[in-house]
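S.K.: I am sharing my_file.txt, which consists of compact mmCIF, C-alpha atoms and all ligand atoms:
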# COMPACT_ATOMS: atom_id res chain seq x y z
CA MET O 1 -2.03 1.24 22.42
CA VAL O 2 -2.81 -2.19 20.97
CA ILE O 3 -3.17 -3.62 24.46
CA THR O 4 -5.53 -0.81 25.50
CA LEU O 5 -7.56 -1.38 22.35
CA ASN O 6 -7.78 -5.09 23.05
CA LYS O 7 -8.85 -4.50 26.66
CA GLN O 8 -11.54 -2.14 25.51
CA LEU O 9 -12.67 -4.63 22.92
CA ILE O 10 -12.78 -7.48 25.39
CA ALA O 11 -14.81 -5.36 27.82
CA SER O 12 -17.19 -4.50 25.02
CA PHE O 13 -17.55 -8.16 24.02
CA LYS O 14 -18.38 -9.17 27.61
CA GLU O 15 -20.86 -6.36 27.95
CA THR O 16 -22.57 -7.16 24.64
CA TYR O 17 -22.75 -10.93 24.89
CA GLY O 18 -22.35 -11.62 28.62
CA LYS O 19 -19.41 -14.00 28.07
CA LYS O 20 -15.73 -13.99 27.22
CA PRO O 21 -14.44 -13.95 23.64
CA PHE O 22 -12.45 -16.97 22.54
CA LEU O 23 -10.34 -15.59 19.72
CA ILE O 24 -8.89 -12.34 18.45
CA VAL O 25 -8.42 -12.04 14.68
CA LYS O 26 -6.68 -9.20 12.91
CA ALA O 27 -6.47 -8.48 9.18
CA PRO O 28 -4.77 -5.41 7.72
CA GLY O 29 -5.64 -2.96 4.97
CA ARG O 30 -3.19 -2.56 2.10
CA VAL O 31 -1.56 0.02 -0.06
CA ASN O 32 -0.49 -0.89 -3.55
CA LEU O 33 3.01 0.37 -4.32
CA ILE O 34 2.58 -0.14 -8.06
CA GLY O 35 0.65 -2.34 -10.51
CA GLU O 36 -2.78 -0.72 -10.65
CA HIS O 37 -5.76 -2.22 -12.48
CA THR O 38 -3.54 -5.07 -13.56
CA ASP O 39 -4.81 -7.81 -11.23
CA TYR O 40 -8.03 -8.54 -13.11
CA ASN O 41 -6.02 -8.48 -16.34
CA GLU O 42 -3.97 -11.40 -15.01
CA GLY O 43 -0.96 -9.12 -14.58
CA PHE O 44 1.43 -8.12 -11.81
CA VAL O 45 0.91 -6.18 -8.57
CA LEU O 46 3.13 -5.11 -5.69
CA PRO O 47 1.15 -4.24 -2.56
CA ILE O 48 2.15 -3.96 1.10
CA ALA O 49 -0.10 -4.49 4.10
CA ILE O 50 -0.36 -1.39 6.29
CA ASP O 51 -0.28 -1.14 10.04
CA ARG O 52 -4.03 -0.61 10.30
CA TYR O 53 -6.13 -3.61 11.04
CA THR O 54 -9.70 -4.73 11.30
CA THR O 55 -9.86 -6.51 14.64
CA MET O 56 -12.53 -9.06 15.48
CA LEU O 57 -13.22 -10.76 18.78
CA VAL O 58 -15.25 -13.88 18.31
CA SER O 59 -16.67 -16.93 20.01
CA ARG O 60 -18.69 -19.92 18.90
CA ARG O 61 -22.39 -20.35 19.36
CA GLY O 62 -24.32 -23.58 19.63
CA ASP O 63 -26.88 -22.52 17.00
CA LYS O 64 -26.83 -21.04 13.50
CA LYS O 65 -27.01 -17.40 14.46
CA VAL O 66 -24.28 -14.86 13.71
CA ARG O 67 -24.45 -11.80 15.93
CA LEU O 68 -22.32 -8.76 15.19
CA TYR O 69 -21.52 -5.61 17.08
CA ASP O 70 -19.48 -2.88 15.42
CA LEU O 71 -17.69 -0.70 17.89
CA LYS O 72 -17.08 2.13 15.45
CA TYR O 73 -20.67 2.44 14.24
CA LYS O 74 -22.06 1.44 17.64
CA GLU O 75 -24.52 -0.76 15.75
CA SER O 76 -25.44 -4.39 15.97
CA ASP O 77 -26.87 -6.79 13.47
CA GLU O 78 -27.56 -10.51 13.21
CA PHE O 79 -28.36 -13.12 10.61
CA ASP O 80 -29.15 -16.80 10.39
CA LEU O 81 -26.83 -19.16 8.54
CA ASN O 82 -29.85 -21.12 7.27
CA SER O 83 -31.05 -18.19 5.17
CA ILE O 84 -28.51 -15.49 4.46
CA GLU O 85 -30.08 -12.36 3.00
CA HIS O 86 -28.54 -9.03 2.00
CA ALA O 87 -28.62 -6.41 4.75
CA GLU O 88 -30.26 -3.21 3.55
CA LEU O 89 -30.04 -1.35 6.83
CA HIS O 90 -26.62 -2.31 8.18
CA ARG O 91 -24.85 -2.71 4.89
CA TRP O 92 -21.50 -3.12 6.63
CA SER O 93 -22.58 -6.62 7.63
CA ASN O 94 -22.82 -7.75 3.99
CA TYR O 95 -19.13 -8.67 4.11
CA GLN O 96 -19.67 -11.12 6.98
CA ARG O 97 -22.84 -12.40 5.33
CA GLY O 98 -21.06 -12.86 2.00
CA ILE O 99 -18.24 -14.84 3.62
CA ALA O 100 -20.65 -17.10 5.50
CA LYS O 101 -22.58 -17.70 2.29
CA VAL O 102 -19.57 -18.72 0.17
CA LEU O 103 -18.29 -21.01 2.92
CA ILE O 104 -21.64 -22.78 3.14
CA ASP O 105 -21.99 -22.94 -0.66
CA GLU O 106 -18.58 -24.62 -0.79
CA GLY O 107 -19.71 -27.22 1.73
CA TYR O 108 -17.74 -26.05 4.77
CA LYS O 109 -19.47 -26.93 8.03
CA ILE O 110 -19.84 -23.79 10.06
CA GLY O 111 -22.02 -22.77 12.98
CA GLY O 112 -22.97 -19.49 14.57
CA MET O 113 -20.73 -16.95 16.22
CA ASP O 114 -20.74 -13.78 18.27
CA MET O 115 -18.47 -11.03 17.01
CA VAL O 116 -17.27 -7.58 18.05
CA ILE O 117 -15.59 -5.61 15.29
CA CYS O 118 -13.23 -2.69 15.51
CA GLY O 119 -12.09 -1.27 12.17
CA GLU O 120 -9.02 0.96 11.98
CA VAL O 121 -8.66 0.84 8.20
CA PRO O 122 -10.08 4.07 6.76
CA GLU O 123 -13.17 3.33 4.67
CA SER O 124 -13.84 4.36 1.06
CA ALA O 125 -10.22 5.42 0.81
CA GLY O 126 -8.88 2.69 -1.47
CA LEU O 127 -7.03 1.02 1.42
CA SER O 128 -9.07 -2.19 1.29
CA SER O 129 -11.02 -2.00 4.49
CA SER O 130 -13.50 -4.42 2.89
CA ALA O 131 -10.86 -7.04 2.12
CA SER O 132 -9.64 -6.78 5.71
CA VAL O 133 -13.16 -7.47 7.00
CA GLU O 134 -13.57 -10.40 4.61
CA ILE O 135 -10.25 -11.96 5.55
CA ALA O 136 -10.80 -11.48 9.29
CA THR O 137 -14.27 -13.03 9.01
CA ILE O 138 -13.12 -16.07 7.07
CA LEU O 139 -10.27 -16.65 9.54
CA SER O 140 -12.74 -16.38 12.41
CA PHE O 141 -14.90 -19.15 10.93
CA LYS O 142 -11.84 -21.19 10.05
CA GLU O 143 -10.40 -21.12 13.56
CA LEU O 144 -13.67 -21.48 15.46
CA TYR O 145 -14.84 -24.42 13.35
CA ARG O 146 -11.43 -25.92 12.58
CA LEU O 147 -11.90 -25.70 8.82
CA HIS O 148 -9.11 -26.98 6.62
CA ILE O 149 -8.68 -24.25 4.02
CA GLU O 150 -5.42 -23.44 2.32
CA PRO O 151 -4.35 -19.78 2.14
CA LEU O 152 -4.99 -19.49 -1.59
CA GLU O 153 -8.46 -20.92 -1.12
CA ILE O 154 -9.15 -18.40 1.66
CA ILE O 155 -8.13 -15.60 -0.69
CA LYS O 156 -10.29 -16.88 -3.54
CA LEU O 157 -13.33 -17.37 -1.33
CA ALA O 158 -12.98 -13.90 0.18
CA ARG O 159 -12.78 -12.39 -3.27
CA ARG O 160 -15.79 -14.41 -4.37
CA ALA O 161 -17.82 -13.04 -1.47
CA GLU O 162 -17.02 -9.52 -2.65
CA ASN O 163 -17.74 -10.35 -6.31
CA GLU O 164 -20.92 -12.32 -5.83
CA PHE O 165 -22.49 -11.04 -2.63
CA VAL O 166 -21.32 -7.44 -2.34
CA GLY O 167 -21.35 -6.97 -6.13
CA VAL O 168 -17.93 -5.42 -6.73
CA GLU O 169 -15.99 -7.28 -9.40
CA CYS O 170 -12.63 -6.69 -7.66
CA GLY O 171 -9.48 -8.57 -8.59
CA ILE O 172 -7.52 -10.74 -6.20
CA MET O 173 -4.87 -8.32 -4.93
CA ASP O 174 -6.52 -6.91 -1.81
CA GLN O 175 -7.46 -10.20 -0.16
CA PHE O 176 -4.07 -11.63 -1.09
CA ALA O 177 -2.23 -8.71 0.50
CA SER O 178 -4.37 -8.73 3.63
CA LEU O 179 -3.73 -12.41 4.27
CA LEU O 180 -0.17 -13.07 3.12
CA SER O 181 1.83 -9.86 3.57
CA ARG O 182 4.97 -9.78 5.68
CA LYS O 183 6.55 -7.08 7.79
CA GLU O 184 9.25 -5.18 5.86
CA PHE O 185 8.34 -6.80 2.55
CA ALA O 186 6.18 -6.01 -0.44
CA LEU O 187 4.21 -8.86 -1.96
CA PHE O 188 4.75 -9.48 -5.65
CA ILE O 189 1.81 -11.40 -7.09
CA ASP O 190 1.48 -12.88 -10.54
CA CYS O 191 -2.29 -12.69 -10.80
CA ARG O 192 -2.48 -15.33 -13.51
CA THR O 193 -0.56 -18.16 -11.87
CA LEU O 194 -1.11 -16.84 -8.32
CA ASP O 195 2.59 -17.39 -7.67
CA TYR O 196 3.94 -14.82 -5.27
CA ARG O 197 7.18 -13.79 -3.68
CA TYR O 198 8.37 -11.29 -1.10
CA VAL O 199 10.48 -8.31 -2.05
CA ARG O 200 12.28 -6.46 0.73
CA VAL O 201 11.35 -2.81 0.91
CA SER O 202 14.48 -0.95 1.81
CA LEU O 203 14.94 2.37 0.10
CA PRO O 204 17.62 4.10 2.15
CA GLY O 205 16.32 7.13 4.05
CA CYS O 206 12.90 6.87 2.39
CA ILE O 207 9.40 6.39 3.73
CA PHE O 208 5.90 6.06 2.35
CA LEU O 209 3.17 8.49 3.21
CA VAL O 210 -0.47 8.04 2.26
CA CYS O 211 -2.65 11.09 1.84
CA ASN O 212 -6.41 10.64 1.83
CA SER O 213 -8.17 13.09 -0.49
CA MET O 214 -11.31 12.49 1.59
CA VAL O 215 -13.30 12.33 -1.65
CA GLN O 216 -14.77 9.22 -3.18
CA ARG O 217 -16.80 9.31 -6.35
CA GLU O 218 -20.25 8.11 -5.54
CA LEU O 219 -20.40 5.62 -8.37
CA ALA O 220 -16.86 4.35 -7.85
CA ALA O 221 -17.99 0.71 -7.75
CA SER O 222 -19.88 0.91 -11.04
CA ALA O 223 -17.06 2.90 -12.66
CA TYR O 224 -14.67 0.15 -11.57
CA ASN O 225 -16.89 -2.54 -13.07
CA GLU O 226 -17.03 -0.47 -16.25
CA ARG O 227 -13.22 -0.52 -16.55
CA ARG O 228 -13.33 -4.28 -16.21
CA ARG O 229 -15.81 -4.45 -19.05
CA GLU O 230 -13.65 -2.19 -21.19
CA CYS O 231 -10.69 -4.48 -20.62
CA ARG O 232 -12.72 -7.47 -21.80
CA GLU O 233 -13.61 -5.45 -24.90
CA ALA O 234 -9.95 -4.60 -25.36
CA VAL O 235 -9.06 -8.30 -25.33
CA GLU O 236 -11.64 -8.97 -28.06
CA ALA O 237 -10.34 -6.07 -30.15
CA VAL O 238 -6.69 -7.10 -29.82
CA LYS O 239 -7.59 -10.71 -30.63
CA LYS O 240 -8.29 -9.68 -34.21
CA TYR O 241 -4.58 -9.13 -34.63
CA LEU O 242 -3.24 -11.53 -32.01
CA PRO O 243 -5.66 -14.47 -31.81
CA HIS O 244 -3.58 -16.28 -29.16
CA ILE O 245 -4.11 -13.73 -26.37
CA GLU O 246 -6.39 -14.60 -23.48
CA SER O 247 -6.03 -11.42 -21.46
CA LEU O 248 -4.18 -8.10 -21.62
CA ARG O 249 -1.41 -9.84 -19.72
CA ASP O 250 -0.46 -11.57 -22.95
CA VAL O 251 0.02 -8.35 -24.89
CA THR O 252 3.64 -7.18 -25.06
CA VAL O 253 5.08 -3.71 -25.48
CA LYS O 254 6.13 -4.70 -29.00
CA ASP O 255 2.56 -5.85 -29.81
CA ILE O 256 0.98 -2.64 -28.59
CA LYS O 257 3.46 -0.56 -30.57
CA LYS O 258 2.65 -2.55 -33.68
CA PHE O 259 -1.14 -2.87 -33.39
CA GLY O 260 -2.11 -0.08 -30.98
CA SER O 261 -3.00 2.42 -33.67
CA TYR O 262 -5.50 0.01 -35.27
CA LEU O 263 -7.54 -0.19 -32.08
CA PRO O 264 -10.39 2.15 -31.18
CA GLU O 265 -8.95 5.07 -29.19
CA GLU O 266 -10.42 4.18 -25.79
CA VAL O 267 -9.53 0.52 -26.09
CA ARG O 268 -5.96 1.38 -27.05
CA LYS O 269 -5.60 3.63 -24.01
CA ARG O 270 -6.82 1.02 -21.57
CA ALA O 271 -4.68 -1.70 -23.10
CA GLU O 272 -1.62 0.50 -23.21
CA HIS O 273 -1.92 1.31 -19.52
CA VAL O 274 -2.07 -2.35 -18.57
CA VAL O 275 0.82 -3.40 -20.80
CA TYR O 276 3.20 -0.71 -19.54
CA GLU O 277 2.04 -0.95 -15.93
CA ASN O 278 3.00 -4.63 -15.89
CA GLU O 279 6.45 -3.63 -17.16
CA ARG O 280 6.70 -0.99 -14.46
CA VAL O 281 6.02 -3.55 -11.74
CA LYS O 282 8.95 -5.64 -12.92
CA LYS O 283 11.19 -2.57 -13.03
CA ALA O 284 9.98 -1.44 -9.59
CA ILE O 285 11.06 -4.78 -8.14
CA GLU O 286 14.52 -4.29 -9.62
CA ALA O 287 14.64 -0.77 -8.19
CA LEU O 288 13.72 -2.10 -4.73
CA GLU O 289 16.30 -4.83 -4.99
CA HIS O 290 18.97 -2.27 -5.83
CA GLY O 291 17.76 0.23 -3.22
CA ASP O 292 17.30 2.70 -6.09
CA SER O 293 14.76 5.17 -4.70
CA GLU O 294 15.03 7.60 -7.64
CA ALA O 295 14.13 4.88 -10.12
CA PHE O 296 11.32 3.65 -7.89
CA GLY O 297 9.90 7.16 -7.55
CA ASP O 298 10.05 7.70 -11.31
CA LEU O 299 8.06 4.54 -11.91
CA MET O 300 5.42 5.74 -9.45
CA ASN O 301 5.18 9.04 -11.32
CA GLN O 302 4.82 7.26 -14.65
CA SER O 303 2.16 5.02 -13.17
CA HIS O 304 0.11 8.01 -12.04
CA ARG O 305 0.36 9.69 -15.42
CA SER O 306 -0.84 6.54 -17.09
CA LEU O 307 -3.73 6.10 -14.66
CA LYS O 308 -4.74 9.68 -15.28
CA GLU O 309 -4.33 9.91 -19.04
CA LEU O 310 -4.76 6.39 -20.33
CA TYR O 311 -6.86 4.56 -17.78
CA GLU O 312 -8.74 7.70 -16.71
CA VAL O 313 -9.39 6.78 -13.11
CA SER O 314 -7.85 9.81 -11.41
CA SER O 315 -9.71 12.87 -10.13
CA GLU O 316 -8.99 16.57 -9.78
CA GLU O 317 -8.30 16.13 -6.10
CA LEU O 318 -5.89 13.25 -6.61
CA ASP O 319 -4.04 15.12 -9.35
CA LEU O 320 -3.79 18.16 -7.12
CA LEU O 321 -2.26 16.10 -4.32
CA VAL O 322 0.18 14.44 -6.70
CA ASP O 323 1.24 17.73 -8.31
CA THR O 324 1.57 19.51 -4.98
CA GLY O 325 3.70 16.71 -3.58
CA LYS O 326 5.94 16.58 -6.61
CA GLY O 327 6.82 20.23 -6.07
CA VAL O 328 8.33 19.47 -2.65
CA GLU O 329 12.02 18.70 -2.45
CA GLY O 330 12.74 15.16 -1.35
CA VAL O 331 9.50 13.73 -2.79
CA LEU O 332 10.59 11.00 -5.18
CA GLY O 333 7.30 9.66 -6.42
CA ALA O 334 3.56 10.18 -6.14
CA ARG O 335 0.63 8.23 -7.50
CA LEU O 336 -2.98 7.42 -6.80
CA THR O 337 -3.25 4.03 -5.16
CA GLY O 338 -6.14 1.56 -5.30
CA ALA O 339 -8.99 1.73 -7.76
CA GLY O 340 -8.92 5.53 -8.10
CA PHE O 341 -12.02 7.73 -8.66
CA GLY O 342 -11.01 9.38 -5.37
CA GLY O 343 -9.37 7.81 -2.35
CA CYS O 344 -5.67 8.10 -1.60
CA VAL O 345 -2.35 9.18 -3.02
CA LEU O 346 0.86 7.39 -2.08
CA PHE O 347 4.07 9.40 -1.74
CA CYS O 348 7.56 7.96 -1.63
CA LEU O 349 9.83 10.54 -0.03
CA LYS O 350 12.96 11.23 1.93
CA GLU O 351 12.21 10.89 5.61
CA SER O 352 13.56 14.38 6.21
CA SER O 353 10.94 15.91 3.88
CA ILE O 354 7.84 14.66 5.63
CA GLU O 355 6.94 17.80 7.56
CA GLN O 356 7.55 19.97 4.54
CA LEU O 357 5.31 17.78 2.40
CA LYS O 358 2.49 17.78 4.92
CA GLU O 359 2.72 21.55 5.38
CA ARG O 360 2.66 22.18 1.65
CA VAL O 361 -0.33 19.91 1.10
CA LEU O 362 -2.19 21.50 4.01
CA GLU O 363 -1.46 24.91 2.55
CA VAL O 364 -2.64 24.14 -0.98
CA TYR O 365 -5.27 21.40 -0.87
CA PRO O 366 -7.84 22.82 1.58
CA LYS O 367 -7.65 26.22 -0.10
CA LYS O 368 -8.51 24.79 -3.51
CA THR O 369 -10.98 22.11 -2.46
CA GLY O 370 -12.38 23.18 0.90
CA ILE O 371 -11.40 19.75 2.23
CA THR O 372 -8.87 18.80 4.91
CA PRO O 373 -6.91 15.74 3.84
CA GLN O 374 -5.65 13.05 6.19
CA PHE O 375 -2.17 11.56 6.35
CA TYR O 376 -1.08 8.05 7.30
CA GLU O 377 2.54 7.02 7.51
CA VAL O 378 2.68 3.45 6.28
CA ALA O 379 5.31 0.74 6.49
CA PRO O 380 5.09 -2.82 5.16
CA SER O 381 3.27 -4.76 7.85
CA LYS O 382 2.29 -8.27 8.81
CA GLY O 383 -0.66 -10.01 7.17
CA ALA O 384 -3.69 -11.44 8.99
CA PHE O 385 -3.33 -13.56 12.13
CA SER O 386 -5.35 -14.90 15.03
CA GLU O 387 -4.71 -15.76 18.66
CA GLU O 388 -6.69 -17.43 21.39
CA ILE O 389 -7.59 -15.12 24.22
CA PHE O 390 -6.79 -16.07 27.78
CA VAL O 391 -8.58 -13.75 30.19
C1 LIG U 1 -9.40 -2.29 -6.16
C2 LIG U 1 -9.64 -3.77 -6.39
C3 LIG U 1 -8.33 -4.50 -6.70
C4 LIG U 1 -7.59 -3.81 -7.84
C5 LIG U 1 -7.46 -2.32 -7.58
C6 LIG U 1 -6.87 -1.57 -8.74
O1 LIG U 1 -8.64 -2.10 -5.01
O2 LIG U 1 -10.24 -4.34 -5.25
O3 LIG U 1 -8.61 -5.83 -7.00
O4 LIG U 1 -8.18 -4.07 -9.06
O5 LIG U 1 -8.72 -1.73 -7.28
O6 LIG U 1 -5.55 -1.94 -8.93
Kindly transcribe the structure held in the file into structure tokens.
Ligand code: GLA
M.R.:
Amino acid sequence: MVITLNKQLIASFKETYGKKPFLIVKAPGRVNLIGEHTDYNEGFVLPIAIDRYTTMLVSRRGDKKVRLYDLKYKESDEFDLNSIEHAELHRWSNYQRGIAKVLIDEGYKIGGMDMVICGEVPESAGLSSSASVEIATILSFKELYRLHIEPLEIIKLARRAENEFVGVECGIMDQFASLLSRKEFALFIDCRTLDYRYVRVSLPGCIFLVCNSMVQRELAASAYNERRRECREAVEAVKKYLPHIESLRDVTVKDIKKFGSYLPEEVRKRAEHVVYENERVKKAIEALEHGDSEAFGDLMNQSHRSLKELYEVSSEELDLLVDTGKGVEGVLGARLTGAGFGGCVLFCLKESSIEQLKERVLEVYPKKTGITPQFYEVAPSKGAFSEEIFV
């Protein structure tokens, strides 16, 4: 399958640009197992990369032009590195534009390139298709122009492109997971220190299934930015009682129990979610290390409840999927994954229950919503990589 895809991509590159590609670059999407809306609060996250990649075939050009052809949209676009503007028509190219811009702003010497893109990461689903495009683009420039950039710098630059050029104030998790994930492992990231370590995912007899609600709130990006603002407000409010804190990461369970009731209602709810979600990430790591699937599933369920009731980023459709799944025997945990406001639910379940779960969801969900959901079985996969092409 991968080989067929690559052959098709290579043929498309030759047809589009009349030459051979030099490099193939692949960067995956991600699913967050637990630790939601904690990254921009300098907390903990535990994502895995999924076996769905954005693939790019690229080659150098002698000038400053970047030409792009997207196989999925069957659209092309181009821009000049000397004056990088926002694309209004082909908005998908803003990720490549944003990456080129931050690289140039940081003084990296890059030239033009020709690119064919094939995206397999579902879009607007909370599976980080955008981070996969950013990471694949930055690796393309890095390899073609032999840039010396350390992995953490790549991650920070990719995030900056999304923050500054695309305008979504995302945290650092998605780019991190897309670049540095490993097969069979989850990636634990301390989003303050940027220390990370790999945690083996081995829950005996269990698998992860992602279910796409196929609904995304239109203003998801602005709602996300609003949560970020609320967290900054929460820090200011908590500071009145705990002047030493710099972010919600510094607030402990004991603190929130003591001072929570003095905070404005909404602020308390947001802060409480973050404080307990950080705790849940630590417990989830222990559960993984002990192969304790029941405990892991419970933590996922708690996480969803908190995202729904305290952080208020769930939706009717996501709650319906979660509740339907929880009624199926062998389903250990269910939670929305990613930013929320639509997108996907992640189930942790016994392998033997998969057909039953899918059947039940397909029975209930379309009837109530008029929408057919999509399923993706996911396993912890390898982060981004590139290879020279010899054809
Ligand atoms: C989006 C952002 C991430 C993170 C999650 C919520 O995926 O890009 O940085 O904040 O939402 O956990």
S.K.: Within 8 Å of ligand LIG 1 (chain U), counting all atoms listed in the file, which protein or nucleic acid residues do you find, written as a list of chain:residue names?
M.R.: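 Based on all atoms listed in the file, ligand LIG 1 (chain U) is surrounded within 8 Å by O:Asn32, O:Gly35, O:Glu36, O:His37, O:Thr38, O:Asp39, O:Tyr40, O:Val45, O:Gly126, O:Leu127, O:Ser128, O:Ala131, O:Val168, O:Glu169, O:Cys170, O:Gly171, O:Ile172, O:Met173, O:Asp174, O:Tyr224, O:Thr337, O:Gly338, O:Ala339, O:Gly340.
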S.K.: Identify which of the residues O:Val331, O:Val66, O:Leu219, O:Leu349 lies closest to Asn82 (chain O), counting only C-alpha atoms when measuring atom-to-atom distances.
M.R.: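 Of the candidates, the smallest distance to Asn82 (chain O) is held by O:Val66.
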S.K.: Can you tell me how far CA of Gln96 (chain O) sits from CA of Phe79 (chain O), in Å to one decimal?
M.R.: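 Pair CA of Gln96 (chain O) / CA of Phe79 (chain O) returns 9.6 Å.
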S.K.: Please indicate the distance in Å from CA of Ile10 (chain O) to CA of Leu147 (chain O), rounded to one decimal place.
M.R.: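 Between these atoms lies a distance of 24.6 Å.
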S.K.: In Å, with one decimal, what is the gap from CA of Tyr376 (chain O) to CA of Tyr311 (chain O)?
M.R.: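 Interatomic distance here is 26.0 Å.
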S.K.: Quick one: residues within 8 Å of Thr55 (chain O), all atoms listed in the file, excluding same-chain residues fewer than 2 positions away - as an mmCIF file with C-alpha atoms, keeping the file's coordinate frame?
M.R.:
data_model
loop_
_atom_site.group_PDB
_atom_site.id
_atom_site.type_symbol
_atom_site.label_atom_id
_atom_site.label_comp_id
_atom_site.auth_asym_id
_atom_site.auth_seq_id
_atom_site.Cartn_x
_atom_site.Cartn_y
_atom_site.Cartn_z
ATOM 1 C CA ILE O 24 -8.890 -12.340 18.450
ATOM 2 C CA VAL O 25 -8.420 -12.040 14.680
ATOM 3 C CA LYS O 26 -6.680 -9.200 12.910
ATOM 4 C CA ALA O 27 -6.470 -8.480 9.180
ATOM 5 C CA TYR O 53 -6.130 -3.610 11.040
ATOM 6 C CA LEU O 57 -13.220 -10.760 18.780
ATOM 7 C CA ILE O 117 -15.590 -5.610 15.290
ATOM 8 C CA CYS O 118 -13.230 -2.690 15.510
ATOM 9 C CA GLY O 119 -12.090 -1.270 12.170
ATOM 10 C CA GLU O 120 -9.020 0.960 11.980
ATOM 11 C CA ALA O 136 -10.800 -11.480 9.290
#
S.K.: Quick one: of O:Glu42, O:Asp255, O:Glu164, O:Asp80, who's nearest to Gly98 (chain O), counting all atoms listed in the file?
M.R.: O:Glu164
S.K.: Of the candidates O:Lys254, O:Lys101, O:Arg280, O:Arg270, which one gets nearest to Cys231 (chain O) if we count all atoms listed in the file?
M.R.: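 Residue with the minimum atom-to-atom distance to Cys231 (chain O): O:Arg270.
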S.K.: Name all residues at most 12 Å from Pro264 (chain O) (count all atoms listed in the file; drop same-chain ones fewer than 2 positions away) and give them as a PyMOL selection string.
M.R.: chain O and resi 230+233-234+236-238+259-262+266-272
S.K.: Go ahead and save the residues from that selection, with C-alpha atoms, as a PDB file, in the frame of the given file.
M.R.:
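See part-v8.pdb below for the written result:
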ATOM      1  CA  GLU O 230     -13.650  -2.190 -21.190  1.00  0.00           C
ATOM      2  CA  GLU O 233     -13.610  -5.450 -24.900  1.00  0.00           C
ATOM      3  CA  ALA O 234      -9.950  -4.600 -25.360  1.00  0.00           C
ATOM      4  CA  GLU O 236     -11.640  -8.970 -28.060  1.00  0.00           C
ATOM      5  CA  ALA O 237     -10.340  -6.070 -30.150  1.00  0.00           C
ATOM      6  CA  VAL O 238      -6.690  -7.100 -29.820  1.00  0.00           C
ATOM      7  CA  PHE O 259      -1.140  -2.870 -33.390  1.00  0.00           C
ATOM      8  CA  GLY O 260      -2.110  -0.080 -30.980  1.00  0.00           C
ATOM      9  CA  SER O 261      -3.000   2.420 -33.670  1.00  0.00           C
ATOM     10  CA  TYR O 262      -5.500   0.010 -35.270  1.00  0.00           C
ATOM     11  CA  GLU O 266     -10.420   4.180 -25.790  1.00  0.00           C
ATOM     12  CA  VAL O 267      -9.530   0.520 -26.090  1.00  0.00           C
ATOM     13  CA  ARG O 268      -5.960   1.380 -27.050  1.00  0.00           C
ATOM     14  CA  LYS O 269      -5.600   3.630 -24.010  1.00  0.00           C
ATOM     15  CA  ARG O 270      -6.820   1.020 -21.570  1.00  0.00           C
ATOM     16  CA  ALA O 271      -4.680  -1.700 -23.100  1.00  0.00           C
ATOM     17  CA  GLU O 272      -1.620   0.500 -23.210  1.00  0.00           C
TER      18      GLU O 272
END
S.K.: May I have the protein, DNA and RNA residues with an atom at most 10 Å from (1.9, -1.4, -3.8), counting all atoms listed in the file in the file's coordinates, returned as an MDAnalysis selection string?
M.R.: chainID O and resid 30:36 45:49 173 177 186:188 281 284 300 337:338 346 380
S.K.: Store the residues of this selection in a file with C-alpha atoms, as a PDB file, keeping the file's coordinate frame.
M.R.:
ATOM      1  CA  ARG O  30      -3.190  -2.560   2.100  1.00  0.00           C
ATOM      2  CA  VAL O  31      -1.560   0.020  -0.060  1.00  0.00           C
ATOM      3  CA  ASN O  32      -0.490  -0.890  -3.550  1.00  0.00           C
ATOM      4  CA  LEU O  33       3.010   0.370  -4.320  1.00  0.00           C
ATOM      5  CA  ILE O  34       2.580  -0.140  -8.060  1.00  0.00           C
ATOM      6  CA  GLY O  35       0.650  -2.340 -10.510  1.00  0.00           C
ATOM      7  CA  GLU O  36      -2.780  -0.720 -10.650  1.00  0.00           C
ATOM      8  CA  VAL O  45       0.910  -6.180  -8.570  1.00  0.00           C
ATOM      9  CA  LEU O  46       3.130  -5.110  -5.690  1.00  0.00           C
ATOM     10  CA  PRO O  47       1.150  -4.240  -2.560  1.00  0.00           C
ATOM     11  CA  ILE O  48       2.150  -3.960   1.100  1.00  0.00           C
ATOM     12  CA  ALA O  49      -0.100  -4.490   4.100  1.00  0.00           C
ATOM     13  CA  MET O 173      -4.870  -8.320  -4.930  1.00  0.00           C
ATOM     14  CA  ALA O 177      -2.230  -8.710   0.500  1.00  0.00           C
ATOM     15  CA  ALA O 186       6.180  -6.010  -0.440  1.00  0.00           C
ATOM     16  CA  LEU O 187       4.210  -8.860  -1.960  1.00  0.00           C
ATOM     17  CA  PHE O 188       4.750  -9.480  -5.650  1.00  0.00           C
ATOM     18  CA  VAL O 281       6.020  -3.550 -11.740  1.00  0.00           C
ATOM     19  CA  ALA O 284       9.980  -1.440  -9.590  1.00  0.00           C
ATOM     20  CA  MET O 300       5.420   5.740  -9.450  1.00  0.00           C
ATOM     21  CA  THR O 337      -3.250   4.030  -5.160  1.00  0.00           C
ATOM     22  CA  GLY O 338      -6.140   1.560  -5.300  1.00  0.00           C
ATOM     23  CA  LEU O 346       0.860   7.390  -2.080  1.00  0.00           C
ATOM     24  CA  PRO O 380       5.090  -2.820   5.160  1.00  0.00           C
TER      25      PRO O 380
END
S.K.: Write out as a ChimeraX atom specification the residues lying within 10 Å of region 191-206 of chain O, counting all atoms listed in the file and excluding same-chain residues fewer than 6 positions away.
M.R.: /O:38-46,48,152,171-173,176,180-185,247,249,285-294,296,330-332,348-354,379-380
